[in-house]
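Shown next, in structure tokens, is the structure this report addresses.
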Amino acid sequence: MDLQIKEKTISLIDSLKSTCQTYGMGNDGNEYKIITQVFLYKYLNDKFGYEIKKLDERIAKAEKWEIAYSELSEDEREDLFDTMNPDIPRLNPEHLISHLWNQQAKGDFDLIFDQTMIDIADKNIDIFSTQTTQNTKIPLFERLTQYVTDEAQRAPFARALVDKLVNFSFEETFSEHYDFFAAIFEYLIKDYNTAGGGKYAEYYTPHAIATIMARLLVGDDADLHNIECYDPSAGTGTLLMALGHQIGEDRCTIFAQDISQRSNKMLKLNLILNGLVSSLDHAIQGDTLLAPYHKSDDGQALRQFDFVVSNPPFKMDFSDTRDDIEKKYSARFWAGVPKVPAKKKESMAIYTCFIQHVVNSLKKTGKGAIVVPTGFLTAKSSVEGAVLKKLVEDHIVYGAVSMPSNVFANTGTNVSVLFFDNSRTADKVVLIDASKLGEEYKDGNLQKRRLRPEEIEKIITTFRNKEAVDDFSVAVTYDEIIAKKYSLAAGQYFDVKIEYVELTQEEFEAKMSAFKTELQSFFDEGNALQAEIMKQLGKVKYE
């Protein structure tokens with residue numbers, strides 16, 4: 001059954017993308033808005049029907065629930081709304097897909113379609129909006145047909161979108177679990193995670209790495225309640241969704257911030273799909289480093305959380321805001337803010353600011369994890385070196401896992417994950433080199449690598465047990481790390497193995513003779529090559 005639902009859902013996504021391509025918006029900068037919004041509209045339409053059937057027997061028994069719902073009086077609808085869970089959108093009969101379907105013959109159908117989107121957004125703005133750092137509400141939906149350049153094609157485009165929505169229902173997915181929606185979401189946005197064209201590249205964290213981070217931070221059987229989770233560079237929300245699922249969606253609240261408008265739209269979708277609607281109000285669009293939104297009750301210090309995760313941009317040019325960040329927040333960035341290089345401004349190590357921000361955002365018993373370039377594990381100088389030194393000397397870091405290369409969708413940078421515990425009670429730090437794990441696969445023209453389920457379990461089990469495994473993991477004290485010049489690279493702690501082989505006198509002499517013969521052949525080849533070069537040089541001089 002799971003496979004059938006998944007295939008149908010993926011087919012819907014493909015058909016929406018095909019419609020965009022037909023109307024000239026394949027790979028257009030606004031295509032992601034159309035795909036994600038129409039997908040979400042369909043999901044919410046079906047979710048609304050599913051919920052009201054549970055509340056009204058007449059609607060549940062009707063051959064077409066939409067007709068039965070439209071026959072209710074306005075008072076009856078309001079009574080229905082009063083008994084509904086606030087996490088379910090309120091839709092009027094004219095907002096339903098079936099109503100739009102019946103309006104398609106009208107010449108101004110594009111205007112009808114767009115106005116329906118705006119009406120739904122306005123009606124549900126208190127619950128289903130996100131906001132900016134300036135407290136401007138970002139509504140659930142926006143007008144879509146405006147992205148079709150040819151005005152004459154806008155109505156046909158709207159009809160084509162509605163056509164794709166009527167012959168499929170999400171109802172059978174509502175009993176599905178997190179992993180289903182995680183896979184669907186990944187497929188839905190897979191074409192919109194490129195690092196090109198934007199100052200802040202939106203990196204999609206692979207599901208496997210998000211799962212490892214969540215399971216190591218939370219545990220598998222934690223009985224937690226009223227937990228607050230935060231990501232200061234939330235992107236599309238993959239890390240937060242994994243964390244929320246590990247804790248239990250009904251036992252945690254999600255807080256997020258990201259500078260990207262595109263990420264905010266996708267994060268909103270992800271929260272709704274994963275039953276975290278009540279956290280939408282805490283999903284903020286804005287520059288975390290320059291204008292952190294989530295503050296303590298007095299509005300001065302950063303708000304602190306039980307769990308903090310982050311996969312920030314690694315290096316980029318933030319010279320426009322760099323000086324303001326340093327002046328306003330010198331205490332917050334205790335190891336400093338990277339200077340602006342004279343030549344390569346884009347090489348500013350912005351991730352070091354996010355590491356400091358993550359640490360500052362942890363409660364006294366809080367735990368965190370952040371994705372960093374693997375080179376950071378052996379940093380010696382500049383801001384990187386100062387951050388690494390502080391993490392070790394203050395016993396904040398308690399683990400580091402180096403991941404396989406090419407594991408991220410759009411960066412070839414080797415990455416590692418650092419784990420923090422602000423209770424600072426760990427006696428040893430677990431260092432794992434998982435760089436040789438994973439299987440290769442093709443993603444379009446790109447050669448990628450992914451961790452297999454058994455490898456994920458190996459990383460998690462080894463980390464939890466603080467096991468020392470040959471050429472894979474070590475558990476070392478903070479003093480040992482300091483003695484190694486603060487290195488968190490597992491490989492620097494592995495024993496150097498020398499293989500001893502017992503030989504007879506005759507075997508030893510035979511090996512030495514073979515070595516001499518091989519060495520002499522190298523010398524002979526070198527002399528012959530030198531003679532040939534001199535001969536050719538002589539010819540050139542003579543000519």
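By order of appearance in the structure tokens: chains A, B, ..., then residues from 1 within every chain, and ligands from 1 in the order shown.
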Selection near stretch 265-280 of chain A, 6 Å with only C-alpha atoms, sequence-local residues under 3 positions removed, as a compact mmCIF listing (two decimals) with N, CA and C atoms, in the first residue's frame:
```
# COMPACT_ATOMS: atom_id res chain seq x y z
N ASP A 87 -5.27 23.16 14.04
CA ASP A 87 -4.23 22.87 13.05
C ASP A 87 -4.78 22.50 11.69
N THR A 130 3.80 32.41 8.26
CA THR A 130 5.11 32.59 8.90
C THR A 130 5.36 34.10 8.90
N THR A 236 15.16 24.19 4.40
CA THR A 236 13.83 23.61 4.17
C THR A 236 13.33 22.80 5.37
N GLY A 237 14.14 22.72 6.42
CA GLY A 237 13.66 22.14 7.67
C GLY A 237 13.95 20.67 7.89
N THR A 253 8.18 21.84 20.26
CA THR A 253 7.88 23.03 19.47
C THR A 253 9.12 23.38 18.67
N ILE A 254 8.90 23.72 17.41
CA ILE A 254 10.00 24.01 16.49
C ILE A 254 10.19 25.52 16.35
N ARG A 262 12.78 31.43 -0.42
CA ARG A 262 12.48 30.12 -0.98
C ARG A 262 12.45 29.06 0.13
N ALA A 283 8.52 30.12 12.67
CA ALA A 283 9.37 29.98 11.47
C ALA A 283 9.59 31.35 10.87
```
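Every protein, DNA or RNA residue with an atom at most 10 Å from A:Ser70, where only C-alpha atoms count and chain neighbours fewer than 6 positions away do not, is listed here: Ile59, Arg77, Asn92, Pro93, Glu94, Leu96 and His99 of chain A.
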Q) Between atom CA of A:Gly286 and atom CA of A:Ile350, what is the distance, to one decimal in Å? A)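 Atom-to-atom, atom CA of A:Gly286 and atom CA of A:Ile350 are spaced 15.8 Å apart.
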(Q) Could you list, as a ChimeraX atom specification, every residue within 8 Å of A:Ser129, counting only C-alpha atoms and ignoring same-chain residues fewer than 2 positions away? (A) /A:121,124-127,131,137-140,280-281
Give me a file of those residues, with N, CA and C atoms, as a short mmCIF file (atom, residue, chain, number, x, y, z; two decimals), in the first residue's frame.
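The resulting file, again17.cif, is reproduced below:
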```
data_model
loop_
_atom_site.label_atom_id
_atom_site.label_comp_id
_atom_site.auth_asym_id
_atom_site.auth_seq_id
_atom_site.Cartn_x
_atom_site.Cartn_y
_atom_site.Cartn_z
N ALA A 121 -5.67 32.00 2.15
CA ALA A 121 -4.56 32.53 2.94
C ALA A 121 -5.06 33.54 3.97
N ASN A 124 -6.99 31.99 6.93
CA ASN A 124 -6.18 31.16 7.83
C ASN A 124 -4.87 31.82 8.27
N ILE A 125 -4.80 33.14 8.13
CA ILE A 125 -3.51 33.82 8.34
C ILE A 125 -3.02 33.74 9.79
N ASP A 126 -3.93 33.67 10.75
CA ASP A 126 -3.50 33.63 12.15
C ASP A 126 -2.73 32.36 12.49
N ILE A 127 -3.09 31.26 11.89
CA ILE A 127 -2.44 29.98 12.20
C ILE A 127 -1.42 29.59 11.13
N GLN A 131 6.52 34.51 9.42
CA GLN A 131 6.77 35.95 9.43
C GLN A 131 8.24 36.28 9.26
N LYS A 137 3.73 39.41 8.32
CA LYS A 137 3.21 38.06 8.12
C LYS A 137 3.36 37.63 6.67
N ILE A 138 3.84 36.42 6.46
CA ILE A 138 3.95 35.85 5.12
C ILE A 138 2.81 34.86 4.97
N PRO A 139 1.80 35.15 4.13
CA PRO A 139 0.61 34.29 4.06
C PRO A 139 0.91 32.91 3.48
N LEU A 140 -0.06 32.04 3.67
CA LEU A 140 0.06 30.65 3.21
C LEU A 140 0.22 30.57 1.70
N LEU A 280 4.40 26.98 13.06
CA LEU A 280 4.54 27.91 11.92
C LEU A 280 4.87 29.33 12.38
N ASP A 281 4.28 29.72 13.49
CA ASP A 281 4.46 31.08 14.00
C ASP A 281 5.90 31.36 14.40
#
```
Q: May I have all residues of stretch 115-225 of chain A that DSSP, computed from the backbone, assigns to strand (DSSP E), given as a list of chain:residue names?
A: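 Of stretch 115-225 of chain A, the ones in strand (DSSP E) are A:Thr130, A:Gln131, A:Thr132, A:Lys137, A:Ile138.
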Q. So how many Å separate atom CA of A:Gln300 and atom CA of A:Ala349, to one decimal?
A.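 One can read the atom CA of A:Gln300 to atom CA of A:Ala349 distance as 26.2 Å.
Here atom CA of A:Ala475 is placed at a distance of 22.6 Å from atom CA of A:Gly438.
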Residues within 9 Å of A:Leu165, please, as a short mmCIF file (atom, residue, chain, number, x, y, z; two decimals) with C-alpha atoms, in the first residue's frame. Count only C-alpha atoms; anything in the same chain fewer than 2 positions from it doesn't count.
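Below is the file that was written, out-v4.cif:
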```cif
data_model
loop_
_atom_site.label_atom_id
_atom_site.label_comp_id
_atom_site.auth_asym_id
_atom_site.auth_seq_id
_atom_site.Cartn_x
_atom_site.Cartn_y
_atom_site.Cartn_z
CA LEU A 12 1.14 14.05 -9.08
CA VAL A 38 -0.43 23.67 -5.59
CA PHE A 39 0.79 20.51 -3.85
CA LYS A 42 -4.33 19.81 -2.70
CA ILE A 97 -10.96 22.01 -5.62
CA LEU A 161 -3.21 22.75 -12.72
CA VAL A 162 -6.73 22.02 -11.42
CA ASP A 163 -7.08 19.14 -13.90
CA ASN A 167 -8.39 12.39 -9.77
CA PHE A 168 -6.24 11.68 -6.72
CA SER A 169 -6.83 11.94 -2.96
#
```
With the cut-off set at 12 Å and counting only C-alpha atoms, tabulate each residue of stretch 350-431 of chain A with an atom at most that distance from an atom of stretch 310-316 of chain A, showing the nearest atom pair and its distance in Å to one decimal, ordered by chain and increasing number, as a tab-separated table.
```
residue	atom	partner	partner_atom	distance
A:Ile350	CA	A:Lys315	CA	5.4
A:Tyr351	CA	A:Phe314	CA	4.8
A:Thr352	CA	A:Phe314	CA	8.1
A:Cys353	CA	A:Pro312	CA	9.5
A:Phe354	CA	A:Pro312	CA	6.7
A:Ile355	CA	A:Ser310	CA	8.5
A:Gln356	CA	A:Ser310	CA	11.4
A:His357	CA	A:Ser310	CA	10.0
A:Val358	CA	A:Ser310	CA	7.6
A:Val359	CA	A:Ser310	CA	10.9
A:Ser361	CA	A:Ser310	CA	11.4
A:Lys367	CA	A:Ser310	CA	11.9
A:Gly368	CA	A:Ser310	CA	8.3
A:Ala369	CA	A:Ser310	CA	6.6
A:Ile370	CA	A:Ser310	CA	4.7
A:Val371	CA	A:Asn311	CA	4.9
A:Val372	CA	A:Phe314	CA	7.0
A:Pro373	CA	A:Phe314	CA	7.0
A:Thr374	CA	A:Phe314	CA	10.7
A:Gly375	CA	A:Phe314	CA	11.1
A:Phe376	CA	A:Phe314	CA	10.4
A:Glu384	CA	A:Phe314	CA	11.6
A:Phe408	CA	A:Asn311	CA	11.1
A:Asn410	CA	A:Pro313	CA	11.7
A:Thr411	CA	A:Phe314	CA	10.2
A:Gly412	CA	A:Phe314	CA	12.0
A:Thr413	CA	A:Phe314	CA	9.3
A:Asn414	CA	A:Phe314	CA	11.2
A:Val415	CA	A:Phe314	CA	9.9
A:Ser416	CA	A:Asn311	CA	10.4
A:Val417	CA	A:Asn311	CA	9.1
A:Leu418	CA	A:Ser310	CA	10.1
A:Phe419	CA	A:Ser310	CA	10.8
A:Phe420	CA	A:Ser310	CA	11.8
```
Export, as a compact mmCIF listing (two decimals), in the first residue's frame, the selected residues with N, CA and C atoms.
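Wrote it out as result-v3.txt, contents follow:
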```
# COMPACT_ATOMS: atom_id res chain seq x y z
N ILE A 350 31.79 31.79 7.07
CA ILE A 350 30.58 32.19 7.82
C ILE A 350 30.12 31.09 8.78
N TYR A 351 30.46 29.84 8.49
CA TYR A 351 30.00 28.75 9.35
C TYR A 351 30.55 28.88 10.77
N THR A 352 31.71 29.56 10.94
CA THR A 352 32.26 29.74 12.29
C THR A 352 31.35 30.62 13.14
N CYS A 353 30.67 31.55 12.51
CA CYS A 353 29.70 32.39 13.24
C CYS A 353 28.50 31.55 13.68
N PHE A 354 28.08 30.63 12.81
CA PHE A 354 26.94 29.78 13.16
C PHE A 354 27.30 28.79 14.27
N ILE A 355 28.55 28.31 14.30
CA ILE A 355 28.96 27.43 15.40
C ILE A 355 28.81 28.18 16.73
N GLN A 356 29.30 29.42 16.76
CA GLN A 356 29.23 30.22 17.99
C GLN A 356 27.77 30.51 18.36
N HIS A 357 26.96 30.78 17.35
CA HIS A 357 25.54 31.06 17.59
C HIS A 357 24.83 29.83 18.16
N VAL A 358 25.15 28.65 17.63
CA VAL A 358 24.54 27.40 18.13
C VAL A 358 24.89 27.19 19.59
N VAL A 359 26.16 27.34 19.93
CA VAL A 359 26.60 27.15 21.32
C VAL A 359 25.90 28.14 22.25
N SER A 361 23.05 29.36 21.90
CA SER A 361 21.60 29.12 21.91
C SER A 361 21.21 27.87 22.69
N LYS A 367 21.63 20.20 24.12
CA LYS A 367 22.53 19.48 23.20
C LYS A 367 22.36 20.03 21.79
N GLY A 368 23.43 19.96 21.02
CA GLY A 368 23.36 20.48 19.66
C GLY A 368 24.24 19.70 18.70
N ALA A 369 23.99 19.91 17.42
CA ALA A 369 24.82 19.29 16.38
C ALA A 369 24.85 20.22 15.18
N ILE A 370 26.02 20.32 14.56
CA ILE A 370 26.18 21.22 13.41
C ILE A 370 27.06 20.57 12.36
N VAL A 371 26.69 20.78 11.09
CA VAL A 371 27.48 20.27 9.97
C VAL A 371 28.56 21.30 9.65
N VAL A 372 29.81 20.82 9.52
CA VAL A 372 30.94 21.72 9.23
C VAL A 372 31.81 21.09 8.14
N PRO A 373 32.63 21.89 7.44
CA PRO A 373 33.60 21.30 6.53
C PRO A 373 34.62 20.50 7.34
N THR A 374 35.01 19.34 6.86
CA THR A 374 35.90 18.45 7.62
C THR A 374 37.23 19.13 7.95
N GLY A 375 37.68 20.06 7.13
CA GLY A 375 38.92 20.78 7.41
C GLY A 375 38.91 21.50 8.75
N PHE A 376 37.73 21.84 9.25
CA PHE A 376 37.62 22.53 10.54
C PHE A 376 38.17 21.68 11.68
N GLU A 384 38.63 30.04 12.93
CA GLU A 384 38.40 28.60 13.00
C GLU A 384 39.16 27.97 14.16
N PHE A 408 26.50 15.15 0.01
CA PHE A 408 25.54 16.25 -0.12
C PHE A 408 25.16 16.46 -1.58
N ASN A 410 24.67 19.10 -3.41
CA ASN A 410 25.21 20.14 -4.28
C ASN A 410 26.51 20.75 -3.81
N THR A 411 27.25 20.02 -3.01
CA THR A 411 28.60 20.48 -2.66
C THR A 411 29.52 19.27 -2.58
N GLY A 412 30.70 19.41 -3.15
CA GLY A 412 31.69 18.33 -3.09
C GLY A 412 32.55 18.42 -1.85
N THR A 413 32.32 19.44 -1.01
CA THR A 413 33.11 19.61 0.21
C THR A 413 32.91 18.42 1.14
N ASN A 414 34.01 17.90 1.69
CA ASN A 414 33.89 16.83 2.69
C ASN A 414 33.33 17.45 3.97
N VAL A 415 32.34 16.79 4.55
CA VAL A 415 31.67 17.34 5.72
C VAL A 415 31.78 16.43 6.93
N SER A 416 31.70 17.04 8.09
CA SER A 416 31.66 16.32 9.36
C SER A 416 30.54 16.91 10.21
N VAL A 417 30.12 16.17 11.22
CA VAL A 417 29.10 16.66 12.14
C VAL A 417 29.70 16.72 13.54
N LEU A 418 29.62 17.91 14.16
CA LEU A 418 30.07 18.09 15.54
C LEU A 418 28.87 17.97 16.47
N PHE A 419 29.09 17.35 17.63
CA PHE A 419 28.03 17.18 18.62
C PHE A 419 28.41 17.92 19.90
N PHE A 420 27.49 18.73 20.41
CA PHE A 420 27.74 19.54 21.60
C PHE A 420 26.83 19.11 22.75
```
(Q) Calculated over only C-alpha atoms, which of the candidates A:Asp258, A:Ala335, A:Asp317, A:Thr83 has the smallest distance to A:Ser381? (A)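 When distances to A:Ser381 are compared using only C-alpha atoms, the smallest one comes from A:Ala335.
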Q.
Which residue is closest to A:Thr211? Choose from A:Asp108, A:Ala528, A:Leu451, A:Thr19 and count only C-alpha atoms.
A.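 The closest residue to A:Thr211 is A:Leu451.
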Q: Determine which residues of stretch 28-124 of chain A receive a DSSP assignment of alpha helix (DSSP H), computed from the backbone, and state them as a ChimeraX atom specification.
A: /A:31-55,57-61,65-70,74-83,97-102,109-123
Q | Contacts of A:Thr9 within 10 Å, only C-alpha atoms, excl. fewer than 4 positions in-chain, as number ranges by chain | A | A: 3-5, 13-15, 39, 168-170, 173, 184, 187-188
Q | Pick from A:Trp334, A:Phe305, A:Phe141, A:Tyr441, whichever lies nearest to A:Gln37 using only C-alpha atoms | A |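 Between A:Trp334, A:Phe305, A:Phe141, A:Tyr441, the residue approaching A:Gln37 most closely is A:Phe141.
Every protein, DNA or RNA residue with an atom at most 12 Å from A:Thr477, where only C-alpha atoms count and chain neighbours fewer than 3 positions away do not, is listed here: A:Val392, A:Glu393, A:His395, A:Val397, A:Tyr398, A:Gly399, A:Ala426, A:Asp427, A:Lys428, A:Val429, A:Val430, A:Leu431, A:Lys466, A:Val474, A:Glu480, A:Ile481, A:Ile482, A:Ala483, A:Lys484, A:Tyr486, A:Ser487, A:Leu488, A:Tyr493.
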Would you save the residues from that selection as a compact mmCIF listing (two decimals), in the first residue's frame, using N, CA and C atoms?
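The file below, again30.txt, is the result:
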```txt
# COMPACT_ATOMS: atom_id res chain seq x y z
N VAL A 392 36.91 22.60 22.70
CA VAL A 392 37.64 21.53 23.40
C VAL A 392 37.94 21.92 24.84
N GLU A 393 38.48 23.10 25.05
CA GLU A 393 38.89 23.50 26.41
C GLU A 393 37.70 23.61 27.36
N HIS A 395 35.04 21.77 27.10
CA HIS A 395 34.39 20.45 27.11
C HIS A 395 32.98 20.50 26.54
N VAL A 397 32.23 20.17 23.08
CA VAL A 397 32.13 19.16 22.03
C VAL A 397 32.31 17.78 22.66
N TYR A 398 31.45 16.84 22.29
CA TYR A 398 31.61 15.49 22.83
C TYR A 398 31.63 14.43 21.73
N GLY A 399 31.65 14.88 20.47
CA GLY A 399 31.73 13.91 19.38
C GLY A 399 31.90 14.59 18.04
N ALA A 426 30.78 15.11 29.71
CA ALA A 426 31.42 13.98 29.03
C ALA A 426 32.86 13.82 29.50
N ASP A 427 33.30 12.59 29.71
CA ASP A 427 34.70 12.35 30.08
C ASP A 427 35.56 12.06 28.86
N LYS A 428 34.89 11.62 27.79
CA LYS A 428 35.62 11.32 26.55
C LYS A 428 34.86 11.85 25.34
N VAL A 429 35.61 12.10 24.28
CA VAL A 429 35.03 12.58 23.03
C VAL A 429 35.10 11.44 22.01
N VAL A 430 33.98 11.16 21.36
CA VAL A 430 33.91 10.09 20.37
C VAL A 430 34.23 10.67 18.99
N LEU A 431 35.24 10.13 18.34
CA LEU A 431 35.64 10.58 17.00
C LEU A 431 35.48 9.41 16.03
N LYS A 466 30.74 4.50 22.72
CA LYS A 466 32.11 5.05 22.80
C LYS A 466 33.15 3.97 22.50
N VAL A 474 37.51 6.20 17.70
CA VAL A 474 38.25 6.24 18.96
C VAL A 474 37.43 7.03 19.97
N GLU A 480 44.06 14.39 25.78
CA GLU A 480 44.66 13.78 24.59
C GLU A 480 44.43 14.65 23.36
N ILE A 481 43.24 15.26 23.28
CA ILE A 481 42.93 16.14 22.14
C ILE A 481 43.83 17.38 22.17
N ILE A 482 44.00 17.96 23.35
CA ILE A 482 44.87 19.13 23.47
C ILE A 482 46.31 18.78 23.09
N ALA A 483 46.74 17.58 23.50
CA ALA A 483 48.11 17.13 23.15
C ALA A 483 48.27 16.98 21.64
N LYS A 484 47.18 16.70 20.94
CA LYS A 484 47.21 16.58 19.47
C LYS A 484 46.89 17.92 18.81
N TYR A 486 44.54 20.06 19.49
CA TYR A 486 43.09 20.27 19.40
C TYR A 486 42.43 19.58 18.20
N SER A 487 43.09 18.60 17.64
CA SER A 487 42.52 17.92 16.47
C SER A 487 41.34 17.03 16.86
N LEU A 488 40.25 17.14 16.09
CA LEU A 488 39.09 16.25 16.27
C LEU A 488 39.00 15.24 15.11
N TYR A 493 44.34 9.65 15.61
CA TYR A 493 44.45 8.88 16.84
C TYR A 493 44.53 7.38 16.59
```
